[in-house]
$ cat my_file.pdb   # PDB, C-alpha atoms
ATOM      1  CA  MET A 112     152.258  82.135 238.534
ATOM      2  CA  ILE A 113     152.531  81.366 234.810
ATOM      3  CA  ALA A 114     151.042  78.145 233.378
ATOM      4  CA  GLU A 115     151.746  77.683 229.653
ATOM      5  CA  ASP A 116     153.005  74.559 227.846
ATOM      6  CA  SER A 117     154.751  76.495 225.048
ATOM      7  CA  VAL A 118     158.211  77.233 226.441
ATOM      8  CA  LEU A 119     158.801  80.244 224.203
ATOM      9  CA  LEU A 120     155.466  81.845 225.052
ATOM     10  CA  ARG A 121     155.981  81.108 228.747
ATOM     11  CA  ILE A 122     159.373  82.831 228.671
ATOM     12  CA  GLY A 123     157.774  85.813 226.946
ATOM     13  CA  LEU A 124     154.962  86.000 229.503
ATOM     14  CA  VAL A 125     157.437  85.888 232.377
ATOM     15  CA  LYS A 126     159.395  88.781 230.846
ATOM     16  CA  VAL A 127     156.240  90.843 230.313
ATOM     17  CA  VAL A 128     154.824  90.373 233.816
ATOM     18  CA  GLU A 129     158.196  90.992 235.459
ATOM     19  CA  MET A 130     158.548  94.163 233.407
ATOM     20  CA  ALA A 131     155.191  95.234 234.831
ATOM     21  CA  GLY A 132     156.540  94.829 238.367
ATOM     22  CA  PHE A 133     155.069  91.426 239.211
ATOM     23  CA  ALA A 134     157.213  88.729 240.846
ATOM     24  CA  VAL A 135     156.857  85.309 239.193
ATOM     25  CA  VAL A 136     156.926  82.734 241.988
ATOM     26  CA  ALA A 137     156.554  79.644 239.768
ATOM     27  CA  GLU A 138     156.043  78.366 236.218
ATOM     28  CA  ALA A 139     154.148  75.294 235.018
ATOM     29  CA  GLY A 140     153.915  73.368 231.759
ATOM     30  CA  ASP A 141     150.785  71.341 232.558
ATOM     31  CA  ALA A 142     147.708  71.457 234.758
ATOM     32  CA  GLN A 143     149.073  69.165 237.466
ATOM     33  CA  GLU A 144     152.192  71.287 237.869
ATOM     34  CA  LEU A 145     149.950  74.360 238.022
ATOM     35  CA  LEU A 146     147.785  73.003 240.841
ATOM     36  CA  ALA A 147     150.812  71.823 242.812
ATOM     37  CA  ALA A 148     152.560  75.185 242.422
ATOM     38  CA  VAL A 149     149.464  77.154 243.483
ATOM     39  CA  GLU A 150     149.099  74.965 246.569
ATOM     40  CA  GLU A 151     152.732  75.577 247.456
ATOM     41  CA  HIS A 152     153.075  79.282 246.670
ATOM     42  CA  ARG A 153     149.492  80.640 246.947
ATOM     43  CA  PRO A 154     150.135  83.343 244.317
ATOM     44  CA  GLY A 155     147.999  86.449 244.074
ATOM     45  CA  LEU A 156     147.486  85.860 240.340
ATOM     46  CA  ALA A 157     147.727  82.847 238.028
ATOM     47  CA  VAL A 158     147.984  83.295 234.248
ATOM     48  CA  VAL A 159     146.727  80.039 232.720
ATOM     49  CA  ASP A 160     146.548  78.597 229.203
ATOM     50  CA  VAL A 161     143.192  76.951 228.378
ATOM     51  CA  ARG A 162     144.602  73.909 226.550
ATOM     52  CA  MET A 163     147.426  72.091 228.322
ATOM     53  CA  PRO A 164     148.985  68.596 228.416
ATOM     54  CA  PRO A 165     148.175  65.789 228.351
ATOM     55  CA  GLY A 166     144.961  66.123 226.346
ATOM     56  CA  PHE A 167     145.223  69.718 225.111
ATOM     57  CA  THR A 168     141.465  70.212 225.527
ATOM     58  CA  ASP A 169     140.311  72.088 228.627
ATOM     59  CA  GLU A 170     142.847  71.007 231.262
ATOM     60  CA  GLY A 171     143.928  74.572 231.949
ATOM     61  CA  VAL A 172     140.470  76.006 232.473
ATOM     62  CA  ARG A 173     139.430  73.060 234.659
ATOM     63  CA  ALA A 174     142.512  73.684 236.787
ATOM     64  CA  ALA A 175     141.595  77.380 236.933
ATOM     65  CA  LEU A 176     138.104  76.524 238.170
ATOM     66  CA  ALA A 177     139.632  74.288 240.850
ATOM     67  CA  ILE A 178     141.930  77.125 241.912
ATOM     68  CA  ARG A 179     138.984  79.510 242.223
ATOM     69  CA  GLN A 180     137.204  77.019 244.489
ATOM     70  CA  ARG A 181     140.175  76.002 246.647
ATOM     71  CA  TYR A 182     142.102  79.276 246.794
ATOM     72  CA  PRO A 183     139.693  82.212 246.397
ATOM     73  CA  GLY A 184     142.535  84.607 247.163
ATOM     74  CA  THR A 185     144.213  83.706 243.868
ATOM     75  CA  ALA A 186     142.958  85.675 240.877
ATOM     76  CA  VAL A 187     142.965  83.874 237.515
ATOM     77  CA  LEU A 188     143.610  85.214 234.026
ATOM     78  CA  ILE A 189     142.883  82.655 231.305
ATOM     79  CA  LEU A 190     144.617  82.855 227.917
ATOM     80  CA  SER A 191     143.061  81.168 224.890
ATOM     81  CA  GLN A 192     143.993  80.834 221.228
ATOM     82  CA  TYR A 193     140.353  81.061 220.136
ATOM     83  CA  VAL A 194     137.094  82.502 221.463
ATOM     84  CA  GLU A 195     135.455  79.855 223.660
ATOM     85  CA  GLU A 196     132.793  81.856 225.432
ATOM     86  CA  ARG A 197     131.546  79.083 227.725
ATOM     87  CA  TYR A 198     134.844  79.160 229.608
ATOM     88  CA  ALA A 199     134.350  82.829 230.467
ATOM     89  CA  ALA A 200     130.828  82.057 231.654
ATOM     90  CA  ASP A 201     132.048  79.071 233.720
ATOM     91  CA  LEU A 202     134.667  81.213 235.463
ATOM     92  CA  LEU A 203     132.234  84.004 236.255
ATOM     93  CA  ALA A 204     129.671  81.519 237.543
ATOM     94  CA  THR A 205     132.047  80.533 240.363
ATOM     95  CA  ASN A 206     133.218  84.001 241.375
ATOM     96  CA  THR A 207     132.751  87.448 239.876
ATOM     97  CA  SER A 208     135.978  89.050 241.077
ATOM     98  CA  GLY A 209     139.590  88.502 240.101
ATOM     99  CA  VAL A 210     138.767  86.811 236.781
ATOM    100  CA  GLY A 211     140.063  87.396 233.268
ATOM    101  CA  TYR A 212     139.681  85.723 229.879
ATOM    102  CA  LEU A 213     141.793  87.030 226.999
ATOM    103  CA  LEU A 214     142.869  85.842 223.582
ATOM    104  CA  LYS A 215     146.608  85.211 223.319
ATOM    105  CA  GLN A 216     146.893  87.857 220.612
ATOM    106  CA  ARG A 217     146.270  90.463 223.335
ATOM    107  CA  VAL A 218     149.687  89.682 224.801
ATOM    108  CA  ALA A 219     151.219  91.376 221.736
ATOM    109  CA  ASP A 220     149.742  94.667 222.972
ATOM    110  CA  VAL A 221     151.890  94.788 226.088
ATOM    111  CA  GLU A 222     150.280  97.908 227.569
ATOM    112  CA  GLU A 223     146.762  96.483 227.189
ATOM    113  CA  PHE A 224     147.833  93.115 228.588
ATOM    114  CA  ILE A 225     149.495  94.675 231.624
ATOM    115  CA  GLU A 226     146.390  96.771 232.262
ATOM    116  CA  ALA A 227     144.306  93.573 232.227
ATOM    117  CA  LEU A 228     146.770  91.882 234.594
ATOM    118  CA  ARG A 229     146.547  94.729 237.088
ATOM    119  CA  ARG A 230     142.748  94.843 236.865
ATOM    120  CA  VAL A 231     142.357  91.121 237.539
ATOM    121  CA  ALA A 232     145.011  91.117 240.282
ATOM    122  CA  GLY A 233     143.116  93.977 241.919
ATOM    123  CA  GLY A 234     139.894  91.961 242.066
ATOM    124  CA  GLY A 235     138.318  93.171 238.828
ATOM    125  CA  THR A 236     137.451  91.418 235.583
ATOM    126  CA  ALA A 237     139.002  91.505 232.128
ATOM    127  CA  LEU A 238     137.105  89.896 229.263
ATOM    128  CA  ASP A 239     138.379  89.915 225.706
ATOM    129  CA  PRO A 240     136.367  92.241 223.430
ATOM    130  CA  GLN A 241     135.892  89.391 220.929
ATOM    131  CA  VAL A 242     134.328  87.206 223.625
ATOM    132  CA  VAL A 243     132.020  90.046 224.616
ATOM    133  CA  ALA A 244     131.091  90.662 220.955
ATOM    134  CA  GLN A 245     130.097  87.017 220.494
ATOM    135  CA  LEU A 246     128.029  87.060 223.668
ATOM    136  CA  LEU A 247     126.280  90.213 222.513
ATOM    137  CA  VAL A 248     125.226  88.499 219.292
ATOM    138  CA  ARG A 249     124.107  85.359 221.119
ATOM    139  CA  ARG A 250     122.110  87.210 223.763
ATOM    140  CA  SER A 251     119.236  88.585 221.682
ATOM    141  CA  SER A 252     116.195  88.089 223.902
ATOM    142  CA  ASP A 253     114.744  88.888 227.351
ATOM    143  CA  PRO A 254     115.176  92.276 229.077
ATOM    144  CA  LEU A 255     118.334  93.036 227.078
ATOM    145  CA  GLU A 256     116.008  93.922 224.213
ATOM    146  CA  ARG A 257     114.881  96.933 226.252
ATOM    147  CA  LEU A 258     118.315  98.510 226.035
ATOM    148  CA  THR A 259     119.183 101.141 223.471
ATOM    149  CA  ALA A 260     122.165 100.612 221.161
ATOM    150  CA  ARG A 261     124.284 102.942 223.311
ATOM    151  CA  GLU A 262     123.255 101.160 226.526
ATOM    152  CA  ARG A 263     124.260  97.831 224.971
ATOM    153  CA  ASP A 264     127.633  99.367 224.077
ATOM    154  CA  VAL A 265     128.067 100.472 227.688
ATOM    155  CA  LEU A 266     127.034  97.064 229.043
ATOM    156  CA  ALA A 267     129.471  95.313 226.671
ATOM    157  CA  LEU A 268     132.308  97.501 227.974
ATOM    158  CA  MET A 269     131.206  96.810 231.550
ATOM    159  CA  ALA A 270     131.485  93.096 230.728
ATOM    160  CA  GLU A 271     135.070  93.665 229.585
ATOM    161  CA  GLY A 272     135.749  94.963 233.103
ATOM    162  CA  ARG A 273     136.172  98.636 232.240
ATOM    163  CA  SER A 274     135.562 101.391 234.791
ATOM    164  CA  ASN A 275     133.231 104.325 234.149
ATOM    165  CA  GLY A 276     136.268 106.383 233.135
ATOM    166  CA  GLY A 277     137.451 103.668 230.764
ATOM    167  CA  ILE A 278     134.008 103.396 229.187
ATOM    168  CA  ALA A 279     133.824 107.167 228.771
ATOM    169  CA  ALA A 280     137.204 107.243 227.050
ATOM    170  CA  GLN A 281     136.272 104.367 224.735
ATOM    171  CA  LEU A 282     132.935 105.913 223.714
ATOM    172  CA  VAL A 283     134.225 109.512 223.756
ATOM    173  CA  VAL A 284     131.531 110.707 226.157
ATOM    174  CA  SER A 285     131.541 112.183 229.652
ATOM    175  CA  GLU A 286     131.645 110.039 232.792
ATOM    176  CA  SER A 287     128.325 111.557 233.854
ATOM    177  CA  ALA A 288     126.781 110.307 230.600
ATOM    178  CA  VAL A 289     128.178 106.835 231.292
ATOM    179  CA  ALA A 290     126.753 106.893 234.831
ATOM    180  CA  LYS A 291     123.344 107.834 233.420
ATOM    181  CA  HIS A 292     123.475 104.969 230.907
ATOM    182  CA  ILE A 293     124.435 102.514 233.659
ATOM    183  CA  ASN A 294     121.544 103.655 235.845
ATOM    184  CA  ASN A 295     119.186 103.111 232.903
ATOM    185  CA  ILE A 296     120.660  99.637 232.282
ATOM    186  CA  LEU A 297     120.210  98.589 235.922
ATOM    187  CA  ALA A 298     116.618  99.804 235.893
ATOM    188  CA  LYS A 299     115.699  98.141 232.581
ATOM    189  CA  LEU A 300     117.134  94.764 233.589
ATOM    190  CA  ASP A 301     114.836  94.600 236.637
ATOM    191  CA  LEU A 302     117.720  93.786 238.961
ATOM    192  CA  PRO A 303     117.032  93.349 242.688
ATOM    193  CA  LYS A 304     117.852  96.205 245.008
ATOM    194  CA  ALA A 305     121.453  96.033 246.248
ATOM    195  CA  ASP A 306     124.534  98.201 246.466
ATOM    196  CA  ALA A 307     125.662  99.755 243.177
ATOM    197  CA  ASP A 308     128.725  97.543 242.706
ATOM    198  CA  HIS A 309     126.723  94.332 243.210
ATOM    199  CA  ARG A 310     123.997  95.435 240.810
ATOM    200  CA  ARG A 311     126.676  96.226 238.242
ATOM    201  CA  VAL A 312     128.013  92.662 238.557
ATOM    202  CA  LEU A 313     124.479  91.272 238.230
ATOM    203  CA  ALA A 314     124.009  93.279 235.035
ATOM    204  CA  VAL A 315     127.171  91.781 233.546
ATOM    205  CA  LEU A 316     126.128  88.253 234.595
ATOM    206  CA  HIS A 317     122.747  88.793 232.951
ATOM    207  CA  PHE A 318     124.529  89.905 229.811
ATOM    208  CA  LEU A 319     126.726  86.790 229.859
ATOM    209  CA  GLY A 320     123.791  84.501 230.508
ATOM    210  CA  VAL A 321     125.309  83.218 233.756
ATOM    211  CA  GLY A 322     122.672  82.097 236.214
ATOM    212  CA  CYS A 323     119.920  83.790 234.189
TER     213      CYS A 323
END

$ encode --input "my_file.pdb" --output "structure tokens"
Amino acid sequence: MIAEDSVLLRIGLVKVVEMAGFAVVAEAGDAQELLAAVEEHRPGLAVVDVRMPPGFTDEGVRAALAIRQRYPGTAVLILSQYVEERYAADLLATNTSGVGYLLKQRVADVEEFIEALRRVAGGGTALDPQVVAQLLVRRSSDPLERLTARERDVLALMAEGRSNGGIAAQLVVSESAVAKHINNILAKLDLPKADADHRRVLAVLHFLGVGC
């Protein structure tokens, strides 16, 4: 499902996602069309523009939040022209799986965009590096201060939705080194005992300031 008011960009998005092997079941030019199409087709993934008619403010993201509440089986990837970090936090506050928030410029890197699509469709997260960078600057107190510079790098990449292998490749270190850093992060953030995947999500939420 593609929701974008710019016809040219919407056509481009459809071409890109179809090239990646996705089937586009519907397109929408405003938030009302988006909600109606999701109700009808129940897509596995909705790619949604933040600002849509009629007000061009936050109609798209509000529709995305409604989708997450009504149809939890539909993953949502938000596209935005600018970094608006509160939208990423709002989305993650409702559900921590199947969520993405990217700047529209990322679409130009087709391989990276398709990777993000697949990650979100598979139940993961994909946050734009610029959003993560802004959050890292804003979050400068509490237990995050206990982290070393390298551990903060690892946590920032975790917030982008990268796997241990992806983090290792980005930082040019071994996966065992990444695993060690993650264990240190979980310990330093005083997270409650839980399975490893859940504690990893809690670490990212702490980083984003969601529910903390």

$ residues_around --input "my_file.pdb" --residues "region 234-247 of chain A" --least-positions-apart "5" --cutoff "6 Å" --atoms "all atoms listed in the file" --output "PyMOL selection string"
chain A and resi 194+196+208-213+227+271-272

$ residues_around --input "my_file.pdb" --residues "Phe133 (chain A)" --least-positions-apart "2" --cutoff "10 Å" --atoms "all atoms listed in the file" --output "ChimeraX atom specification"
/A:112,125-131,135-136,155-156,225,228-229

$ atom_distance --input "my_file.pdb" --atom1 "CA of Pro164 (chain A)" --atom2 "CA of Glu138 (chain A)"
14.4 Å

$ resolve_selection --input "my_file.pdb" --expression "the PyMOL selection byres ((chain A and resi 261) around 12)" --output "list in words"
Arg257, Leu258, Thr259, Ala260, Glu262, Arg263, Asp264, Val265, Leu266, Ala267, Leu268, Ile278, Ala279, Leu282, Val283, Val284, Ala288, Val289, Lys291, His292, Ile293, Asn295 and Ile296 of chain A

$ write_last_selection --input "my_file.pdb" --atoms "C-alpha atoms" --output "mmCIF file, keeping the file's coordinate frame"
data_model
loop_
_atom_site.group_PDB
_atom_site.id
_atom_site.type_symbol
_atom_site.label_atom_id
_atom_site.label_comp_id
_atom_site.auth_asym_id
_atom_site.auth_seq_id
_atom_site.Cartn_x
_atom_site.Cartn_y
_atom_site.Cartn_z
ATOM 1 C CA ARG A 257 114.881 96.933 226.252
ATOM 2 C CA LEU A 258 118.315 98.510 226.035
ATOM 3 C CA THR A 259 119.183 101.141 223.471
ATOM 4 C CA ALA A 260 122.165 100.612 221.161
ATOM 5 C CA GLU A 262 123.255 101.160 226.526
ATOM 6 C CA ARG A 263 124.260 97.831 224.971
ATOM 7 C CA ASP A 264 127.633 99.367 224.077
ATOM 8 C CA VAL A 265 128.067 100.472 227.688
ATOM 9 C CA LEU A 266 127.034 97.064 229.043
ATOM 10 C CA ALA A 267 129.471 95.313 226.671
ATOM 11 C CA LEU A 268 132.308 97.501 227.974
ATOM 12 C CA ILE A 278 134.008 103.396 229.187
ATOM 13 C CA ALA A 279 133.824 107.167 228.771
ATOM 14 C CA LEU A 282 132.935 105.913 223.714
ATOM 15 C CA VAL A 283 134.225 109.512 223.756
ATOM 16 C CA VAL A 284 131.531 110.707 226.157
ATOM 17 C CA ALA A 288 126.781 110.307 230.600
ATOM 18 C CA VAL A 289 128.178 106.835 231.292
ATOM 19 C CA LYS A 291 123.344 107.834 233.420
ATOM 20 C CA HIS A 292 123.475 104.969 230.907
ATOM 21 C CA ILE A 293 124.435 102.514 233.659
ATOM 22 C CA ASN A 295 119.186 103.111 232.903
ATOM 23 C CA ILE A 296 120.660 99.637 232.282
#

$ closest_residue --input "my_file.pdb" --among "A:Arg197, A:Met269, A:Leu255, A:Gln281" --to "Arg310 (chain A)" --atoms "all atoms listed in the file"
A:Met269

$ closest_residue --input "my_file.pdb" --among "A:Val158, A:Arg181, A:Asp201, A:Ser191" --to "Val231 (chain A)" --atoms "only C-alpha atoms"
A:Val158

$ atom_distance --input "my_file.pdb" --atom1 "CA of Tyr198 (chain A)" --atom2 "CA of Ala177 (chain A)"
13.2 Å

$ atom_distance --input "my_file.pdb" --atom1 "CA of Val172 (chain A)" --atom2 "CA of Asn275 (chain A)"
29.3 Å

$ residues_near_point --input "my_file.pdb" --point "(157.3, 73.0, 238.1)" --cutoff "12 Å" --atoms "all atoms listed in the file" --output "VMD selection string"
chain A and resid 112 to 116 136 to 152

$ closest_residue --input "my_file.pdb" --among "A:Ile189, A:Val315, A:Leu124, A:Val118" --to "Arg273 (chain A)" --atoms "all atoms listed in the file"
A:Val315

$ closest_residue --input "my_file.pdb" --among "A:Ala219, A:Ala270, A:Leu176, A:Ala232" --to "Pro154 (chain A)" --atoms "all atoms listed in the file"
A:Ala232

$ axis_aligned_box --input "my_file.pdb" --around "region 168-178 of chain A" --padding-each-side "3 Å" --output "lines of an AutoDock Vina configuration file"
center_x = 141.0
center_y = 73.8
center_z = 233.7
size_x = 11.8
size_y = 13.2
size_z = 22.4

$ closest_residue --input "my_file.pdb" --among "A:Arg121, A:Arg230, A:Lys299, A:His317" --to "Ala186 (chain A)" --atoms "all atoms listed in the file"
A:Arg230

$ residues_around --input "my_file.pdb" --residues "Arg179 (chain A)" --least-positions-apart "5" --cutoff "10 Å" --atoms "only C-alpha atoms" --output "VMD selection string"
chain A and resid 173 to 174 184 to 187 202 205 to 206 209 to 210

$ decode --input "my_file.pdb" --residues "region 193-259 of chain A" --atoms "C-alpha atoms" --output "CSV table (one decimal), in the first residue's frame"
chain,number,residue,atom,x,y,z
A,193,TYR,CA,12.5,16.6,7.1
A,194,VAL,CA,13.6,15.1,10.4
A,195,GLU,CA,10.6,15.2,12.8
A,196,GLU,CA,11.8,12.9,15.6
A,197,ARG,CA,8.6,13.0,17.7
A,198,TYR,CA,6.8,11.0,14.9
A,199,ALA,CA,9.3,8.2,15.2
A,200,ALA,CA,8.8,8.2,19.0
A,201,ASP,CA,5.0,8.2,18.6
A,202,LEU,CA,5.1,5.2,16.3
A,203,LEU,CA,7.4,3.2,18.6
A,204,ALA,CA,5.3,4.1,21.6
A,205,THR,CA,2.4,2.2,20.1
A,206,ASN,CA,4.2,-0.9,18.9
A,207,THR,CA,7.9,-1.8,18.6
A,208,SER,CA,7.7,-4.1,15.6
A,209,GLY,CA,7.0,-3.5,11.9
A,210,VAL,CA,7.8,0.3,12.1
A,211,GLY,CA,10.0,2.5,9.9
A,212,TYR,CA,10.7,6.2,9.6
A,213,LEU,CA,12.9,7.4,6.8
A,214,LEU,CA,13.7,10.6,5.0
A,215,LYS,CA,12.5,10.7,1.4
A,216,GLN,CA,16.0,11.2,0.2
A,217,ARG,CA,16.7,7.6,1.2
A,218,VAL,CA,14.4,6.4,-1.6
A,219,ALA,CA,17.2,7.6,-4.0
A,220,ASP,CA,19.4,4.8,-2.7
A,221,VAL,CA,17.2,2.0,-4.0
A,222,GLU,CA,19.1,-0.8,-2.4
A,223,GLU,CA,19.1,0.8,1.0
A,224,PHE,CA,15.4,1.6,0.7
A,225,ILE,CA,14.5,-1.9,-0.3
A,226,GLU,CA,16.4,-3.3,2.6
A,227,ALA,CA,14.4,-1.0,4.9
A,228,LEU,CA,11.2,-2.2,3.3
A,229,ARG,CA,12.0,-5.8,3.8
A,230,ARG,CA,13.1,-5.2,7.4
A,231,VAL,CA,9.9,-3.4,8.4
A,232,ALA,CA,7.7,-5.9,6.5
A,233,GLY,CA,9.5,-8.7,8.4
A,234,GLY,CA,8.5,-7.2,11.7
A,235,GLY,CA,11.7,-5.2,12.3
A,236,THR,CA,12.4,-1.4,12.6
A,237,ALA,CA,14.1,1.0,10.2
A,238,LEU,CA,14.9,4.5,11.5
A,239,ASP,CA,16.7,7.1,9.4
A,240,PRO,CA,20.3,7.7,10.6
A,241,GLN,CA,19.6,11.4,10.7
A,242,VAL,CA,16.7,10.9,13.1
A,243,VAL,CA,18.9,8.7,15.3
A,244,ALA,CA,21.7,11.3,15.2
A,245,GLN,CA,19.3,14.0,16.5
A,246,LEU,CA,18.0,11.7,19.2
A,247,LEU,CA,21.6,10.9,20.3
A,248,VAL,CA,22.3,14.6,20.7
A,249,ARG,CA,19.0,15.3,22.6
A,250,ARG,CA,19.4,12.3,25.0
A,251,SER,CA,22.4,13.5,27.1
A,252,SER,CA,21.4,12.5,30.6
A,253,ASP,CA,20.4,9.5,32.7
A,254,PRO,CA,22.0,6.0,32.4
A,255,LEU,CA,23.0,6.7,28.8
A,256,GLU,CA,25.9,8.7,30.2
A,257,ARG,CA,27.3,5.4,31.5
A,258,LEU,CA,27.9,4.2,28.0
A,259,THR,CA,31.2,4.4,26.2
